file upload12.csv (CSV, C-alpha atoms)
chain,number,residue,atom,x,y,z
A,1466,MET,CA,17.6,5.1,-9.1
A,1467,SER,CA,14.3,3.4,-9.0
A,1468,ARG,CA,13.5,-0.1,-7.7
A,1469,HIS,CA,11.0,-2.5,-9.2
A,1470,GLY,CA,8.0,-3.6,-7.1
A,1471,ILE,CA,4.7,-5.3,-7.4
A,1472,ASP,CA,1.6,-5.3,-5.2
A,1473,VAL,CA,-0.5,-8.4,-4.8
A,1474,SER,CA,-3.5,-9.9,-3.1
A,1475,ASN,CA,-5.5,-13.1,-3.2
A,1476,TRP,CA,-6.5,-12.2,-6.7
A,1477,GLN,CA,-3.1,-13.4,-7.9
A,1478,GLY,CA,-3.6,-16.8,-6.4
A,1479,THR,CA,-0.5,-18.9,-5.6
A,1480,ILE,CA,2.7,-17.0,-6.3
A,1481,ASP,CA,6.2,-18.3,-6.8
A,1482,PHE,CA,8.1,-15.6,-5.0
A,1483,ASP,CA,11.5,-17.1,-5.9
A,1484,LYS,CA,10.7,-16.6,-9.6
A,1485,VAL,CA,9.4,-13.1,-8.8
A,1486,LYS,CA,12.7,-12.2,-7.1
A,1487,ASN,CA,14.8,-13.8,-9.8
A,1488,SER,CA,13.0,-11.8,-12.4
A,1489,GLY,CA,14.3,-8.5,-11.0
A,1490,VAL,CA,11.6,-7.5,-8.6
A,1491,ASP,CA,13.0,-5.8,-5.5
A,1492,PHE,CA,9.9,-5.3,-3.3
A,1493,VAL,CA,6.3,-6.5,-2.8
A,1494,ILE,CA,3.4,-4.8,-1.2
A,1495,LEU,CA,0.9,-7.3,0.1
A,1496,ARG,CA,-2.7,-6.7,0.7
A,1497,ALA,CA,-3.3,-7.7,4.4
A,1498,GLY,CA,-7.1,-7.2,4.2
A,1499,TYR,CA,-10.0,-4.8,3.8
A,1500,GLY,CA,-12.8,-3.3,5.8
A,1501,LYS,CA,-12.8,-3.2,9.6
A,1502,TYR,CA,-13.3,-6.8,10.7
A,1503,ASP,CA,-10.8,-9.5,11.4
A,1504,PHE,CA,-12.5,-11.9,9.1
A,1505,GLN,CA,-11.7,-9.6,6.2
A,1506,LYS,CA,-8.1,-10.5,6.3
A,1507,ASP,CA,-6.7,-11.4,2.8
A,1508,GLU,CA,-6.8,-15.2,2.6
A,1509,CYS,CA,-3.4,-15.3,0.9
A,1510,PHE,CA,-1.7,-12.8,3.2
A,1511,GLU,CA,0.0,-15.2,5.6
A,1512,ASP,CA,1.2,-17.4,2.7
A,1513,ASN,CA,2.4,-14.5,0.6
A,1514,TYR,CA,4.3,-12.9,3.6
A,1515,ARG,CA,6.0,-16.2,4.4
A,1516,LYS,CA,7.1,-16.9,0.9
A,1517,ALA,CA,8.1,-13.3,0.0
A,1518,ARG,CA,10.2,-13.3,3.2
A,1519,ALA,CA,11.9,-16.6,2.3
A,1520,ALA,CA,12.6,-15.3,-1.2
A,1521,GLY,CA,14.4,-12.3,0.2
A,1522,LEU,CA,12.1,-9.6,-1.1
A,1523,ASP,CA,11.5,-6.4,0.8
A,1524,ILE,CA,7.9,-6.3,2.0
A,1525,GLY,CA,5.3,-3.6,2.7
A,1526,ALA,CA,1.5,-4.1,3.2
A,1527,TYR,CA,-1.7,-2.2,2.4
A,1528,TRP,CA,-5.2,-2.2,3.7
A,1529,PHE,CA,-8.1,-1.7,1.3
A,1530,SER,CA,-10.4,0.9,2.9
A,1531,TYR,CA,-14.2,1.1,2.9
A,1532,ALA,CA,-14.2,3.9,5.5
A,1533,THR,CA,-16.6,6.8,5.2
A,1534,SER,CA,-15.8,8.3,8.6
A,1535,VAL,CA,-12.8,9.0,10.8
A,1536,SER,CA,-14.1,6.3,13.3
A,1537,ASP,CA,-14.2,3.8,10.4
A,1538,ALA,CA,-10.6,4.6,9.4
A,1539,VAL,CA,-9.4,4.2,13.0
A,1540,LYS,CA,-11.2,0.8,13.3
A,1541,GLU,CA,-9.6,-0.3,10.0
A,1542,ALA,CA,-6.2,0.7,11.2
A,1543,GLU,CA,-6.7,-1.2,14.5
A,1544,THR,CA,-7.7,-4.3,12.6
A,1545,PHE,CA,-4.7,-4.0,10.2
A,1546,ILE,CA,-2.4,-3.8,13.3
A,1547,LYS,CA,-3.9,-7.0,14.7
A,1548,ILE,CA,-3.5,-8.8,11.4
A,1549,ILE,CA,0.2,-7.9,11.0
A,1550,LYS,CA,1.2,-8.5,14.6
A,1551,GLY,CA,4.6,-10.1,14.9
A,1552,LYS,CA,5.7,-9.3,11.3
A,1553,THR,CA,8.4,-6.9,10.2
A,1554,PHE,CA,8.3,-4.7,7.1
A,1555,GLU,CA,10.9,-2.9,5.0
A,1556,TYR,CA,8.3,-0.8,3.2
A,1557,PRO,CA,5.5,1.4,4.7
A,1558,LEU,CA,2.0,0.2,5.7
A,1559,TYR,CA,-0.5,1.9,3.4
A,1560,PHE,CA,-4.1,3.1,3.7
A,1561,ASP,CA,-5.6,2.3,0.3
A,1562,ILE,CA,-8.3,4.9,-0.4
A,1563,GLU,CA,-10.0,4.4,-3.7
A,1564,THR,CA,-13.8,3.8,-3.4
A,1565,ALA,CA,-16.4,6.1,-4.8
A,1566,ASP,CA,-18.1,6.1,-1.3
A,1567,ALA,CA,-15.0,7.5,0.2
A,1568,PHE,CA,-14.4,10.2,-2.4
A,1569,ASN,CA,-18.1,11.2,-2.1
A,1570,CYS,CA,-17.3,12.3,1.4
A,1571,GLY,CA,-15.3,15.2,0.1
A,1572,ARG,CA,-11.8,16.5,0.4
A,1573,GLU,CA,-11.7,17.4,4.1
A,1574,LEU,CA,-13.1,14.1,5.3
A,1575,CYS,CA,-10.9,12.0,3.0
A,1576,SER,CA,-7.9,13.9,4.3
A,1577,ASP,CA,-9.1,13.4,7.9
A,1578,MET,CA,-9.5,9.6,7.3
A,1579,VAL,CA,-6.0,9.3,5.9
A,1580,ARG,CA,-4.7,11.2,8.9
A,1581,ALA,CA,-6.6,9.1,11.4
A,1582,PHE,CA,-5.6,5.8,9.8
A,1583,CYS,CA,-1.9,6.7,9.5
A,1584,ASN,CA,-1.7,8.3,12.9
A,1585,THR,CA,-3.1,5.1,14.5
A,1586,LEU,CA,-0.4,3.1,12.7
A,1587,GLU,CA,2.3,5.5,13.8
A,1588,LYS,CA,1.2,5.3,17.4
A,1589,ALA,CA,1.7,1.5,17.2
A,1590,GLY,CA,5.2,2.0,15.9
A,1591,TYR,CA,4.8,1.6,12.2
A,1592,PHE,CA,5.9,3.7,9.2
A,1593,ALA,CA,2.6,4.8,7.6
A,1594,GLY,CA,1.5,6.0,4.2
A,1595,PHE,CA,-1.4,6.0,1.8
A,1596,TYR,CA,-2.2,4.8,-1.7
A,1597,ILE,CA,-4.4,6.9,-4.1
A,1598,SER,CA,-4.8,7.7,-7.7
A,1599,ARG,CA,-3.1,10.8,-9.0
A,1600,SER,CA,-6.4,12.6,-9.9
A,1601,TYR,CA,-8.0,12.0,-6.6
A,1602,LEU,CA,-4.8,12.9,-4.8
A,1603,GLN,CA,-5.0,16.4,-6.4
A,1604,THR,CA,-8.7,16.9,-5.8
A,1605,HIS,CA,-9.5,15.0,-2.5
A,1606,ILE,CA,-6.4,15.2,-0.3
A,1607,THR,CA,-5.1,18.4,1.4
A,1608,SER,CA,-1.5,19.4,0.7
A,1609,ASP,CA,-0.4,19.0,4.3
A,1610,VAL,CA,-1.6,15.4,4.3
A,1611,ALA,CA,0.0,14.6,1.0
A,1612,LYS,CA,3.3,15.8,2.4
A,1613,ARG,CA,3.0,14.3,5.8
A,1614,TYR,CA,2.9,10.5,5.0
A,1615,ALA,CA,4.6,8.1,2.7
A,1616,LEU,CA,2.8,8.6,-0.7
A,1617,TRP,CA,2.1,5.8,-3.2
A,1618,VAL,CA,0.5,7.2,-6.3
A,1619,ALA,CA,-1.3,5.4,-9.1
A,1620,GLU,CA,-1.4,6.7,-12.7
A,1621,TYR,CA,-1.0,4.3,-15.6
A,1622,GLY,CA,1.2,5.2,-18.5
A,1623,ASN,CA,4.6,6.5,-19.2
A,1624,ARG,CA,4.4,9.5,-16.9
A,1625,LEU,CA,3.2,10.5,-13.5
A,1626,ASN,CA,1.6,13.9,-13.8
A,1627,TYR,CA,2.2,15.0,-10.2
A,1628,ASP,CA,4.6,17.7,-9.1
A,1629,GLY,CA,4.8,16.9,-5.4
A,1630,ASP,CA,7.0,14.4,-3.7
A,1631,TYR,CA,6.1,10.7,-3.6
A,1632,GLY,CA,7.8,7.4,-2.8
A,1633,ILE,CA,6.2,4.9,-5.1
A,1634,TRP,CA,4.5,5.2,-8.5
A,1635,GLN,CA,2.1,2.4,-9.6
A,1636,ASN,CA,2.3,2.8,-13.4
A,1637,SER,CA,0.6,-0.4,-14.6
A,1638,SER,CA,-2.0,-3.0,-13.7
A,1639,THR,CA,-1.1,-5.3,-16.7
A,1640,TRP,CA,2.5,-6.2,-16.0
A,1641,ALA,CA,3.7,-9.7,-16.6
A,1642,VAL,CA,6.3,-11.3,-14.2
A,1643,SER,CA,7.7,-14.8,-13.8
A,1644,GLY,CA,6.1,-16.6,-10.9
A,1645,ILE,CA,2.6,-15.0,-11.3
A,1646,TYR,CA,-0.2,-16.3,-13.5
A,1647,GLY,CA,-1.8,-13.4,-15.3
A,1648,CYS,CA,-1.3,-9.7,-14.9
A,1649,VAL,CA,0.0,-7.9,-11.8
A,1650,ASP,CA,0.4,-4.2,-10.8
A,1651,HIS,CA,3.9,-2.8,-11.3
A,1652,ASP,CA,5.4,-0.1,-9.0
A,1653,TYR,CA,8.5,2.0,-9.2
A,1654,GLY,CA,10.1,2.8,-5.8
A,1655,TYR,CA,12.1,6.0,-5.5
A,1656,ILE,CA,12.8,6.2,-1.8
A,1657,ASP,CA,15.1,3.9,0.2
A,1658,TYR,CA,12.4,2.9,2.7
A,1659,PRO,CA,14.3,-0.1,4.1
A,1660,SER,CA,17.1,2.2,5.3
A,1661,ILE,CA,14.7,4.8,6.7
A,1662,ILE,CA,12.6,2.3,8.5
A,1663,LYS,CA,15.6,0.4,9.9
A,1664,LYS,CA,17.3,3.7,11.0
A,1665,GLY,CA,14.0,5.0,12.5
A,1666,GLY,CA,13.4,1.8,14.5
A,1667,PHE,CA,9.9,1.3,13.0
call {"tool": "encode", "arguments": {"input": "upload12.csv", "output": "C-alpha cells"}}
result
Amino acid sequence: MSRHGIDVSNWQGTIDFDKVKNSGVDFVILRAGYGKYDFQKDECFEDNYRKARAAGLDIGAYWFSYATSVSDAVKEAETFIKIIKGKTFEYPLYFDIETADAFNCGRELCSDMVRAFCNTLEKAGYFAGFYISRSYLQTHITSDVAKRYALWVAEYGNRLNYDGDYGIWQNSSTWAVSGIYGCVDHDYGYIDYPSIIKKGGF
C-alpha cells in the first residue's frame, strides 16, 4: 500500500501544513539547501520543518547537488549535516542529482558522487538515499549503487518504467494540494521508512 507525499522548497512559499496533512498527505520531503556552502541553506527549511512537525507529517529532506567531483559531494554532505543538526527524520536524507554538469561527468563519477555523499551521511548516523530521474538512473548510475541506498525516482505519468527496487516514485510536478498555492511535486511512498529508521536507530 502506497503513501502520499510531497516535496517542497522555498519555491512553494508559505505552506499551511495542517491543510496539507488534512488533505491526505502522509509525508513531506523538504529541501534543506543546495551547493556546498552554509549560506545556500533553503530559506524556508526551518519554517517548513517546524510547521510540518507540528502538523504531524513524517519528514525527510534532500540536498540539491551541484557537485562535479567526489570532494564536492563530500563537502555538500557535510554542509547538509550541519544544516539539519538537532532535527529528526522519519524518511531518508537524499542526494538530489539532476544537473547537466553532473551527468556530463559520466556514469562512474556520478555513481562515485552518490556513494561519497550517502556514505558521509551514514557515517554521521543518518539513513541516506538519492533522487534521480528514471532515464539517468538507468544510464548514469551503476547497479550496485542503485541497490545500495534508498532510491527516489522521478518519472512523470501513470507508470514508472523501472524494473529495480525503489522506495519513492515522484510521478508529477503539477499536483494541487490544499495548503499550497500553485503546483507541487507528488510522490508515492512504497517502503515503511519510519519503521526502518526507528528500528535501525538512525
call {"tool": "atom_distance", "arguments": {"input": "upload12.csv", "atom1": "CA of Ser1608 (chain A)", "atom2": "CA of Gly1632 (chain A)"}}
result
15.6 Å
call {"tool": "closest_residue", "arguments": {"input": "upload12.csv", "among": "A:Asn1623, A:Thr1479, A:Ser1637, A:Ser1467", "to": "Tyr1658 (chain A)", "atoms": "only C-alpha atoms"}}
result
A:Ser1467
call {"tool": "atom_distance", "arguments": {"input": "upload12.csv", "atom1": "CA of Phe1545 (chain A)", "atom2": "CA of Ala1532 (chain A)"}}
result
13.2 Å
call {"tool": "residues_around", "arguments": {"input": "upload12.csv", "residues": "region 1533-1543 of chain A", "least_positions_apart": "4", "cutoff": "6 Å", "atoms": "only C-alpha atoms", "output": "JSON, numbers by chain"}}
result
{"A": [1501, 1567, 1578, 1581, 1582]}
call {"tool": "write_last_selection", "arguments": {"input": "upload12.csv", "atoms": "C-alpha atoms", "output": "mmCIF file, in the frame of the given file"}}
result
data_model
loop_
_atom_site.group_PDB
_atom_site.id
_atom_site.type_symbol
_atom_site.label_atom_id
_atom_site.label_comp_id
_atom_site.auth_asym_id
_atom_site.auth_seq_id
_atom_site.Cartn_x
_atom_site.Cartn_y
_atom_site.Cartn_z
ATOM 1 C CA LYS A 1501 -12.800 -3.200 9.600
ATOM 2 C CA ALA A 1567 -15.000 7.500 0.200
ATOM 3 C CA MET A 1578 -9.500 9.600 7.300
ATOM 4 C CA ALA A 1581 -6.600 9.100 11.400
ATOM 5 C CA PHE A 1582 -5.600 5.800 9.800
#
call {"tool": "closest_residue", "arguments": {"input": "upload12.csv", "among": "A:Ile1480, A:Cys1583, A:Ile1471, A:Ala1593", "to": "Phe1492 (chain A)", "atoms": "all atoms listed in the file"}}
result
A:Ile1471
call {"tool": "residues_around", "arguments": {"input": "upload12.csv", "residues": "Asp1523 (chain A)", "least_positions_apart": "6", "cutoff": "12 Å", "atoms": "only C-alpha atoms", "output": "compact mmCIF listing (two decimals) with C-alpha atoms, keeping the file's coordinate frame"}}
result
# COMPACT_ATOMS: atom_id res chain seq x y z
CA ARG A 1468 13.50 -0.10 -7.70
CA HIS A 1469 11.00 -2.50 -9.20
CA GLY A 1470 8.00 -3.60 -7.10
CA ILE A 1471 4.70 -5.30 -7.40
CA ASP A 1472 1.60 -5.30 -5.20
CA PHE A 1482 8.10 -15.60 -5.00
CA VAL A 1485 9.40 -13.10 -8.80
CA LYS A 1486 12.70 -12.20 -7.10
CA VAL A 1490 11.60 -7.50 -8.60
CA ASP A 1491 13.00 -5.80 -5.50
CA PHE A 1492 9.90 -5.30 -3.30
CA VAL A 1493 6.30 -6.50 -2.80
CA ILE A 1494 3.40 -4.80 -1.20
CA LEU A 1495 0.90 -7.30 0.10
CA TYR A 1514 4.30 -12.90 3.60
CA ARG A 1515 6.00 -16.20 4.40
CA LYS A 1516 7.10 -16.90 0.90
CA ALA A 1517 8.10 -13.30 0.00
CA THR A 1553 8.40 -6.90 10.20
CA PHE A 1554 8.30 -4.70 7.10
CA GLU A 1555 10.90 -2.90 5.00
CA TYR A 1556 8.30 -0.80 3.20
CA PRO A 1557 5.50 1.40 4.70
CA GLY A 1654 10.10 2.80 -5.80
CA ASP A 1657 15.10 3.90 0.20
CA TYR A 1658 12.40 2.90 2.70
CA PRO A 1659 14.30 -0.10 4.10
CA SER A 1660 17.10 2.20 5.30
CA ILE A 1662 12.60 2.30 8.50
call {"tool": "closest_residue", "arguments": {"input": "upload12.csv", "among": "A:Asn1569, A:Ser1576, A:Ser1474, A:Gln1505", "to": "Thr1544 (chain A)", "atoms": "all atoms listed in the file"}}
result
A:Gln1505
call {"tool": "closest_residue", "arguments": {"input": "upload12.csv", "among": "A:Asp1652, A:Tyr1627, A:Asp1561, A:Ile1548", "to": "Thr1639 (chain A)", "atoms": "all atoms listed in the file"}}
result
A:Asp1652
call {"tool": "atom_distance", "arguments": {"input": "upload12.csv", "atom1": "CA of Asp1512 (chain A)", "atom2": "CA of Ile1661 (chain A)"}}
result
26.3 Å
call {"tool": "closest_residue", "arguments": {"input": "upload12.csv", "among": "A:Ile1549, A:Leu1574, A:Val1642, A:Leu1616", "to": "Ser1598 (chain A)", "atoms": "all atoms listed in the file"}}
result
A:Leu1616
call {"tool": "closest_residue", "arguments": {"input": "upload12.csv", "among": "A:Gly1590, A:His1605, A:Phe1529, A:Lys1550", "to": "Ile1562 (chain A)", "atoms": "all atoms listed in the file"}}
result
A:Phe1529
call {"tool": "axis_aligned_box", "arguments": {"input": "upload12.csv", "around": "region 1530-1548 of chain A", "padding_each_side": "3 Å", "output": "JSON"}}
result
{"center_x": -9.5, "center_y": 0.1, "center_z": 8.8, "size_x": 20.2, "size_y": 23.8, "size_z": 17.8}
call {"tool": "residues_around", "arguments": {"input": "upload12.csv", "residues": "Asp1630 (chain A)", "least_positions_apart": "4", "cutoff": "12 Å", "atoms": "only C-alpha atoms", "output": "list in words"}}
result
Arg1599, Leu1602, Ser1608, Asp1609, Val1610, Ala1611, Lys1612, Arg1613, Tyr1614, Ala1615, Leu1616, Trp1617, Val1618, Leu1625, Asn1626, Trp1634, Tyr1655 and Ile1656 of chain A
